[in-house]
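Trainee: I'm passing along upload.txt; it holds compact mmCIF, C-alpha atoms.
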# COMPACT_ATOMS: atom_id res chain seq x y z
CA MET A 15 58.02 82.26 -38.16
CA THR A 16 58.03 80.86 -34.65
CA ARG A 17 60.62 82.54 -32.45
CA VAL A 18 62.17 80.60 -29.58
CA GLY A 19 64.31 82.45 -27.04
CA VAL A 20 67.41 80.94 -25.45
CA ILE A 21 68.57 82.73 -22.32
CA THR A 22 72.31 83.05 -21.77
CA PHE A 23 73.45 83.32 -18.15
CA PRO A 24 77.04 83.83 -16.97
CA GLY A 25 78.37 80.27 -17.19
CA SER A 26 75.82 78.92 -19.68
CA LEU A 27 77.50 76.38 -21.97
CA ASP A 28 74.85 74.93 -24.24
CA ASP A 29 73.02 78.06 -25.35
CA ARG A 30 74.51 77.90 -28.85
CA ASP A 31 73.60 74.22 -29.19
CA ALA A 32 70.04 75.00 -28.16
CA GLN A 33 69.87 77.80 -30.72
CA ARG A 34 71.15 75.41 -33.39
CA ALA A 35 68.54 72.79 -32.47
CA ILE A 36 65.81 75.42 -32.78
CA ARG A 37 67.11 76.43 -36.21
CA LEU A 38 67.25 72.77 -37.31
CA VAL A 39 63.51 72.34 -36.74
CA GLY A 40 62.69 75.45 -38.74
CA ALA A 41 62.15 78.02 -36.01
CA THR A 42 64.08 81.22 -35.36
CA PRO A 43 66.35 81.19 -32.31
CA VAL A 44 66.48 84.45 -30.36
CA ALA A 45 69.40 85.09 -28.03
CA LEU A 46 68.21 86.51 -24.71
CA TRP A 47 70.35 87.87 -21.88
CA HIS A 48 69.88 87.10 -18.18
CA GLY A 49 70.33 90.71 -17.12
CA ASP A 50 67.52 92.06 -19.31
CA HIS A 51 63.89 92.46 -18.34
CA SER A 52 62.60 91.37 -21.74
CA LEU A 53 61.74 88.15 -23.54
CA ASP A 54 61.61 90.09 -26.83
CA GLY A 55 58.13 88.73 -27.58
CA VAL A 56 59.31 85.15 -28.18
CA ASP A 57 56.82 82.30 -28.53
CA ALA A 58 58.77 79.87 -26.31
CA VAL A 59 61.79 79.94 -24.02
CA VAL A 60 64.69 77.53 -23.45
CA LEU A 61 66.90 77.74 -20.35
CA PRO A 62 70.09 76.00 -21.46
CA GLY A 63 72.61 73.83 -19.68
CA GLY A 64 75.91 74.88 -18.20
CA PHE A 65 77.21 76.01 -14.84
CA SER A 66 75.63 79.40 -14.25
CA TYR A 67 77.50 81.29 -11.54
CA GLY A 68 79.81 78.29 -11.20
CA ASP A 69 77.04 76.34 -9.45
CA TYR A 70 77.82 78.53 -6.40
CA LEU A 71 75.32 78.33 -3.51
CA ARG A 72 73.32 75.57 -5.29
CA ALA A 73 73.15 74.69 -8.98
CA GLY A 74 70.80 77.18 -10.64
CA ALA A 75 70.07 79.05 -7.40
CA ILE A 76 71.63 82.40 -8.23
CA ALA A 77 70.45 82.32 -11.85
CA SER A 78 66.89 81.68 -10.64
CA HIS A 79 67.00 85.19 -9.16
CA ALA A 80 68.32 86.82 -12.36
CA PRO A 81 66.37 89.84 -13.66
CA ILE A 82 64.93 88.00 -16.68
CA MET A 83 63.49 85.24 -14.47
CA ALA A 84 60.67 87.60 -13.46
CA GLU A 85 59.59 87.62 -17.12
CA VAL A 86 60.09 83.84 -17.42
CA ILE A 87 57.86 83.24 -14.41
CA GLU A 88 55.22 85.59 -15.81
CA ALA A 89 55.39 83.94 -19.27
CA ALA A 90 55.17 80.45 -17.75
CA GLY A 91 52.03 81.54 -15.91
CA LYS A 92 50.49 82.59 -19.22
CA GLY A 93 51.16 79.15 -20.72
CA ILE A 94 54.15 80.00 -22.90
CA PRO A 95 56.29 76.87 -23.46
CA VAL A 96 59.39 76.86 -21.24
CA LEU A 97 62.04 74.11 -21.41
CA GLY A 98 64.83 73.83 -18.86
CA ILE A 99 67.73 71.58 -19.77
CA CYS A 100 70.14 70.42 -17.04
CA ASN A 101 71.23 73.70 -15.40
CA GLY A 102 68.05 75.22 -16.84
CA PHE A 103 66.04 72.49 -15.09
CA GLN A 104 67.83 73.34 -11.84
CA MET A 105 66.92 77.02 -12.33
CA LEU A 106 63.24 76.19 -12.91
CA SER A 107 63.18 74.08 -9.73
CA GLU A 108 64.92 76.83 -7.76
CA ALA A 109 62.39 79.33 -9.15
CA ARG A 110 59.61 76.96 -8.01
CA LEU A 111 58.20 76.72 -11.52
CA LEU A 112 58.80 72.97 -11.29
CA PRO A 113 58.47 70.63 -8.32
CA GLY A 114 61.38 69.08 -6.46
CA ALA A 115 65.03 70.02 -6.20
CA HIS A 116 68.46 68.75 -7.17
CA THR A 117 71.34 67.60 -5.02
CA ARG A 118 74.80 66.25 -5.71
CA ASN A 119 74.78 62.94 -7.60
CA ALA A 120 74.50 60.10 -5.11
CA HIS A 121 77.93 58.77 -6.14
CA GLN A 122 79.48 62.27 -5.84
CA GLN A 123 80.95 62.09 -9.36
CA PHE A 124 80.29 64.14 -12.47
CA ILE A 125 78.81 61.78 -15.06
CA ARG A 126 78.59 61.91 -18.86
CA ARG A 127 76.85 59.17 -20.78
CA ASP A 128 74.42 58.51 -23.60
CA GLN A 129 71.32 57.96 -21.50
CA LYS A 130 68.21 55.95 -22.26
CA LEU A 131 64.96 57.54 -21.09
CA ARG A 132 61.33 56.53 -21.17
CA VAL A 133 58.77 59.17 -22.13
CA GLU A 134 56.14 58.89 -19.40
CA ASN A 135 53.95 61.80 -20.42
CA ALA A 136 53.52 62.58 -24.12
CA SER A 137 50.90 65.29 -23.61
CA THR A 138 53.16 68.14 -22.47
CA VAL A 139 53.97 71.00 -24.82
CA TRP A 140 57.52 69.65 -25.19
CA THR A 141 56.68 65.94 -25.67
CA ASN A 142 53.51 65.80 -27.81
CA GLU A 143 55.37 64.31 -30.79
CA PHE A 144 56.39 61.31 -28.68
CA SER A 145 54.16 58.46 -27.55
CA ALA A 146 53.95 57.48 -23.89
CA GLY A 147 56.33 54.59 -23.35
CA ASP A 148 58.75 55.63 -26.13
CA GLU A 149 62.37 54.96 -25.23
CA ILE A 150 64.87 57.55 -26.43
CA VAL A 151 68.62 58.12 -26.06
CA ILE A 152 70.10 61.58 -25.48
CA PRO A 153 73.33 62.67 -23.78
CA LEU A 154 73.45 63.30 -20.05
CA LYS A 155 76.19 65.24 -18.23
CA ASN A 156 75.84 66.54 -14.72
CA ALA A 157 77.22 66.70 -11.21
CA ASP A 158 74.11 67.85 -9.34
CA GLY A 159 71.43 65.83 -11.09
CA ARG A 160 69.84 63.88 -8.29
CA PHE A 161 66.13 64.74 -8.37
CA VAL A 162 64.63 64.80 -4.89
CA ALA A 163 61.33 65.74 -3.27
CA ASP A 164 59.54 64.68 -0.13
CA ALA A 165 57.31 61.60 -0.20
CA ALA A 166 54.06 63.55 -0.47
CA GLU A 167 55.38 65.61 -3.39
CA ILE A 168 56.63 62.51 -5.22
CA GLU A 169 53.20 60.92 -4.79
CA ARG A 170 51.50 64.11 -6.02
CA ILE A 171 53.59 64.52 -9.19
CA GLU A 172 53.41 60.80 -10.00
CA GLY A 173 49.63 60.96 -9.62
CA ASN A 174 49.33 64.08 -11.78
CA GLY A 175 51.44 62.67 -14.59
CA GLN A 176 54.04 65.35 -13.98
CA VAL A 177 56.86 62.81 -14.24
CA VAL A 178 57.66 63.30 -17.93
CA PHE A 179 60.87 61.28 -18.31
CA ARG A 180 62.34 58.38 -16.36
CA TYR A 181 65.83 56.90 -16.57
CA VAL A 182 65.89 53.40 -18.09
CA GLY A 183 68.60 50.80 -17.45
CA VAL A 184 70.89 53.01 -15.39
CA ASN A 185 69.85 55.62 -12.85
CA PRO A 186 72.91 57.82 -13.35
CA ASN A 187 72.63 60.07 -10.32
CA GLY A 188 70.38 58.42 -7.74
CA SER A 189 67.25 60.40 -8.66
CA MET A 190 64.15 59.38 -6.73
CA ASN A 191 61.82 57.06 -8.67
CA ASP A 192 64.38 57.24 -11.55
CA ILE A 193 62.91 60.67 -12.41
CA ALA A 194 64.81 62.39 -15.24
CA GLY A 195 62.34 65.16 -16.06
CA VAL A 196 59.15 66.75 -14.74
CA SER A 197 56.56 69.29 -15.79
CA ASN A 198 54.32 71.81 -14.10
CA GLU A 199 50.65 70.91 -13.73
CA ARG A 200 49.70 72.71 -16.93
CA GLY A 201 52.39 70.91 -18.96
CA ASN A 202 53.88 74.01 -20.60
CA VAL A 203 56.96 74.07 -18.36
CA VAL A 204 59.22 71.02 -18.63
CA GLY A 205 62.66 70.40 -17.17
CA LEU A 206 65.01 67.46 -17.59
CA MET A 207 68.63 66.71 -16.77
CA PRO A 208 69.70 65.05 -20.07
CA HIS A 209 70.32 67.18 -23.15
CA PRO A 210 67.95 66.94 -26.13
CA GLU A 211 69.82 69.75 -27.93
CA HIS A 212 72.87 67.47 -28.20
CA ALA A 213 70.89 64.84 -30.12
CA THR A 214 69.54 66.78 -33.07
CA GLU A 215 72.02 66.26 -35.91
CA PRO A 216 73.39 63.01 -37.41
CA GLY A 217 77.13 62.81 -36.81
CA PHE A 218 76.99 64.80 -33.58
CA GLY A 219 74.51 62.90 -31.44
CA PRO A 220 74.72 59.93 -29.07
CA ASP A 221 75.86 56.52 -30.27
CA MET A 222 72.98 54.38 -31.48
CA PRO A 223 72.91 50.63 -32.19
CA ASP A 224 72.97 51.16 -35.97
CA ALA A 225 75.64 53.89 -36.16
CA MET A 226 77.93 55.95 -33.98
CA ARG A 227 76.77 59.49 -33.08
CA SER A 228 73.64 59.10 -35.16
CA GLY A 229 71.03 59.76 -32.44
CA THR A 230 68.57 62.57 -33.14
CA ASP A 231 65.87 61.80 -30.55
CA GLY A 232 66.22 65.34 -29.19
CA LEU A 233 64.65 66.88 -32.28
CA ARG A 234 61.15 65.92 -31.23
CA PHE A 235 61.32 68.09 -28.10
CA PHE A 236 61.58 71.11 -30.36
CA THR A 237 59.16 69.91 -33.04
CA SER A 238 56.67 69.21 -30.23
CA ALA A 239 56.82 72.80 -29.04
CA LEU A 240 56.42 74.08 -32.61
CA ALA A 241 53.42 71.79 -33.16
CA ALA A 242 51.85 72.99 -29.91
CA LEU A 243 52.39 76.64 -30.84
CA LEU A 244 51.04 76.22 -34.38
CA SER A 245 47.91 74.45 -33.16
CA HIS A 246 46.90 77.49 -31.10
CA MET B 3 80.64 95.70 12.20
CA PRO B 4 78.05 93.15 13.33
CA ILE B 5 77.78 89.85 11.51
CA ILE B 6 74.58 87.89 11.11
CA VAL B 7 75.24 84.17 10.94
CA VAL B 8 72.82 81.94 9.05
CA GLU B 9 73.17 78.18 9.31
CA VAL B 10 71.56 75.86 6.78
CA MET B 11 71.41 72.06 6.92
CA PRO B 12 70.13 69.47 4.47
CA LYS B 13 66.79 68.07 5.64
CA ALA B 14 67.10 64.86 7.62
CA GLU B 15 65.47 62.75 4.93
CA ILE B 16 67.74 64.05 2.17
CA LEU B 17 70.74 61.93 1.27
CA ASP B 18 73.92 63.87 2.06
CA PRO B 19 76.59 62.15 -0.04
CA GLN B 20 79.33 64.50 1.16
CA GLY B 21 78.54 63.68 4.77
CA LYS B 22 78.48 59.99 3.96
CA ALA B 23 81.90 60.25 2.29
CA VAL B 24 83.34 61.96 5.37
CA ALA B 25 81.75 59.37 7.67
CA GLY B 26 83.33 56.66 5.54
CA ALA B 27 86.73 58.35 5.78
CA LEU B 28 86.45 58.61 9.57
CA ALA B 29 85.64 54.92 9.80
CA ARG B 30 88.66 54.08 7.67
CA LEU B 31 90.84 56.19 10.00
CA GLY B 32 89.66 54.12 12.95
CA LYS B 33 87.53 56.95 14.37
CA ASP B 34 84.68 54.61 15.11
CA LYS B 35 82.60 56.59 17.62
CA PHE B 36 80.57 58.38 14.95
CA SER B 37 77.57 56.82 13.28
CA ALA B 38 76.91 59.64 10.79
CA VAL B 39 78.19 62.97 9.49
CA ARG B 40 76.04 65.61 7.84
CA ILE B 41 77.45 68.70 6.18
CA GLY B 42 75.65 72.03 6.13
CA LYS B 43 76.44 75.63 5.32
CA ARG B 44 77.24 78.69 7.40
CA PHE B 45 76.69 82.14 5.91
CA GLU B 46 78.20 85.24 7.53
CA LEU B 47 76.47 88.46 6.49
CA THR B 48 78.45 91.52 7.50
CA VAL B 49 76.05 94.33 8.32
CA ASP B 50 76.66 97.90 7.25
CA GLY B 51 75.08 99.50 10.31
CA THR B 52 73.20 98.11 13.27
CA VAL B 53 71.09 94.98 13.64
CA ASP B 54 67.44 95.38 14.61
CA ASP B 55 64.38 93.16 14.49
CA ALA B 56 63.39 94.42 11.06
CA LEU B 57 66.78 93.49 9.63
CA LEU B 58 66.66 90.06 11.27
CA ALA B 59 63.23 89.53 9.73
CA GLU B 60 64.65 90.52 6.34
CA VAL B 61 67.54 88.07 6.78
CA ARG B 62 65.01 85.36 7.67
CA GLU B 63 63.25 86.10 4.38
CA ILE B 64 66.52 86.07 2.41
CA ALA B 65 67.53 82.82 4.09
CA GLU B 66 64.28 81.05 3.23
CA ASP B 67 64.15 82.49 -0.30
CA MET B 68 67.74 82.23 -1.46
CA LEU B 69 70.36 81.02 1.01
CA ALA B 70 68.43 77.78 1.54
CA ASN B 71 66.23 75.81 -0.83
CA THR B 72 63.52 74.81 1.60
CA VAL B 73 62.57 71.83 -0.56
CA ILE B 74 65.80 70.15 0.54
CA GLU B 75 67.27 72.32 3.30
CA ASP B 76 66.28 73.91 6.61
CA VAL B 77 67.41 77.24 8.01
CA VAL B 78 68.44 75.99 11.44
CA SER B 79 69.61 79.22 13.03
CA ILE B 80 70.01 82.95 12.55
CA THR B 81 72.24 84.59 15.14
CA VAL B 82 74.18 87.80 15.58
CA ALA B 83 77.92 87.63 16.16
CA SER B 84 79.79 90.82 16.95
Please lay out the structure from this file as structure tokens.

Mentor:
Amino acid sequence: MTRVGVITFPGSLDDRDAQRAIRLVGATPVALWHGDHSLDGVDAVVLPGGFSYGDYLRAGAIASHAPIMAEVIEAAGKGIPVLGICNGFQMLSEARLLPGAHTRNAHQQFIRRDQKLRVENASTVWTNEFSAGDEIVIPLKNADGRFVADAAEIERIEGNGQVVFRYVGVNPNGSMNDIAGVSNERGNVVGLMPHPEHATEPGFGPDMPDAMRSGTDGLRFFTSALAALLSH
Amino acid sequence: MPIIVVEVMPKAEILDPQGKAVAGALARLGKDKFSAVRIGKRFELTVDGTVDDALLAEVREIAEDMLANTVIEDVVSITVAS
């Protein structure tokens, strides 16, 4: 059975939710610890949301230097699927596995909302079960979610199709070009600020037009990775 | 013990919402001689021993690698305070 690791850092909050999402799509979640130098042979890795190290220094900055990140960087280089959600996205940016960086939301406030996104690139390991142009709703909750990069870098990632998700309707944090998520050039490493793992189970997801808390658009992130792994 | 001081500022083109909030507060207080405020960080590294060029080079490396994220910030100075 496919084994997907979820790394817990001091201050991770959504590691259990990520493990549950992995179980819901029929894979085996494997709890990994930031202080170890082992990925335990997992087939894919999720860096969960939360406030590792209290967001001290910069969100994700200290965690990006954790012992296990050496193995994550090595695995990413080999093409193993890596997904960073919220704080995990910030860690991947800080570790330079993904382009850009994050700053405080433009309006200075923490924000939590059910967020509409457009899937811009449906060929990454984590989005292959979507179609380009699909609009999905998953929860968003962050304080330091403003995606930034210099003009040349924005042009480069837009040109390469590395912008994977864009905010639709509301840009909740002032991210450049409404960018909600990006990938590396190879498409095996994806990071996004909103939380797919919180939209995987009817009754516990975002509100949808037909029923409250019924949104399960996050499931396809995880089924995409499984499909990509099984096709190898 | 000597202290190495590292100063980090957000890059000029990066929106600094904290600085903007302070600038707004100053304007509301009638302090109208300031067109902008930007907020950076000052790190004080207390050295266990003496400071030499090799150590300063190491601090430069630490500053660029960890204390600042050079995608959005610049290391503007590294100085020794006694």

Trainee: For chain A, work out the contacting residues on chain B at 7 Å, counting only C-alpha atoms, and write them as a PDB file with C-alpha atoms, in the frame of the given file.

Mentor:
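Result written to selection.pdb:
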ATOM      1  CA  PRO B  19      76.590  62.150  -0.040  1.00  0.00           C
ATOM      2  CA  VAL B  73      62.570  71.830  -0.560  1.00  0.00           C
ATOM      3  CA  ILE B  74      65.800  70.150   0.540  1.00  0.00           C
TER       4      ILE B  74
END

Trainee: Have a look at B:Asp34, B:Asp50, B:Asp18, B:Glu63 and name the one nearest to Ile80 (chain B); count only C-alpha atoms.

Mentor: B:Glu63

Trainee: In Å, how far is it from CA of Thr230 (chain A) to CA of Leu97 (chain A)?

Mentor: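 One can read the CA of Thr230 (chain A) to CA of Leu97 (chain A) distance as 17.7 Å.
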
Trainee: To one decimal place, how far is CA of Gly183 (chain A) from CA of Ile150 (chain A) in Å?

Mentor: 11.8 Å

Trainee: If you count all atoms listed in the file, which residues fall within 10 Å of region 218-220 of chain A, apart from same-chain ones fewer than 5 positions away, as an NGL selection string?

Mentor: :A and (127-129 or 151-154 or 210-213 or 225-232)

Trainee: Excluding same-chain residues fewer than 4 positions from Ala83 (chain B), what lies within 9 Å of it counting only C-alpha atoms, as a ChimeraX atom specification?

Mentor: /B:4-7,46

Trainee: Quick one: of A:Glu134, A:Asp54, A:Val44, A:Ala194, who's nearest to Gly173 (chain A), counting all atoms listed in the file?

Mentor: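 Result for the nearest residue to Gly173 (chain A): A:Glu134.
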
Trainee: For Leu27 (chain A), find every residue with an atom within 10 Å (counting only C-alpha atoms), except residues of its own chain fewer than 5 positions away, and show them as a PyMOL selection string.

Mentor: chain A and resi 22+32+62-66+101

Trainee: Could you state the separation of CA of Arg44 (chain B) and CA of Ser79 (chain B) in Å, given to one decimal place?

Mentor: 9.5 Å

Trainee: I'd like to know which of A:Arg200, A:Arg180, A:Arg37, A:His209 is closest to Val96 (chain A), using all atoms listed in the file.

Mentor: A:Arg200

Trainee: Considering all atoms listed in the file, can you say which of B:Met3, B:Leu47, B:Ala23, B:Ala14 comes closest to Leu69 (chain B)?

Mentor: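 Using all atoms listed in the file, Leu69 (chain B) sits closest to B:Leu47.
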
Trainee: Using all atoms listed in the file, can you list as a PDB file with C-alpha atoms, keeping the file's coordinate frame the residues within 6 Å of (57.2, 81.5, -27.5)?

Mentor:
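Final output, out.pdb:
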ATOM      1  CA  VAL A  18      62.170  80.600 -29.580  1.00  0.00           C
ATOM      2  CA  VAL A  56      59.310  85.150 -28.180  1.00  0.00           C
ATOM      3  CA  ASP A  57      56.820  82.300 -28.530  1.00  0.00           C
ATOM      4  CA  ALA A  58      58.770  79.870 -26.310  1.00  0.00           C
ATOM      5  CA  VAL A  59      61.790  79.940 -24.020  1.00  0.00           C
ATOM      6  CA  ILE A  94      54.150  80.000 -22.900  1.00  0.00           C
TER       7      ILE A  94
END

Trainee: Using all atoms listed in the file, which of A:Glu143, A:Glu172, A:Glu85, A:Asp148 sits nearest Trp47 (chain A)?

Mentor: A:Glu85

Trainee: Could you tell me which of A:Ile168, A:Ala242, A:Leu61, A:Ile125 comes closest to Asn187 (chain A) if we count all atoms listed in the file?

Mentor: A:Ile125

Trainee: Just the residues within 10 Å of Ser37 (chain B), please, counting only C-alpha atoms, with nothing from its chain fewer than 4 positions along; format it as JSON, numbers by chain.

Mentor: {"B": [22, 25, 26, 28, 29]}

Trainee: Could you list, as a VMD selection string, every residue within 6 Å of Ser189 (chain A), counting all atoms listed in the file and ignoring same-chain residues fewer than 3 positions away?

Mentor: chain A and resid 160 to 161 192 to 193
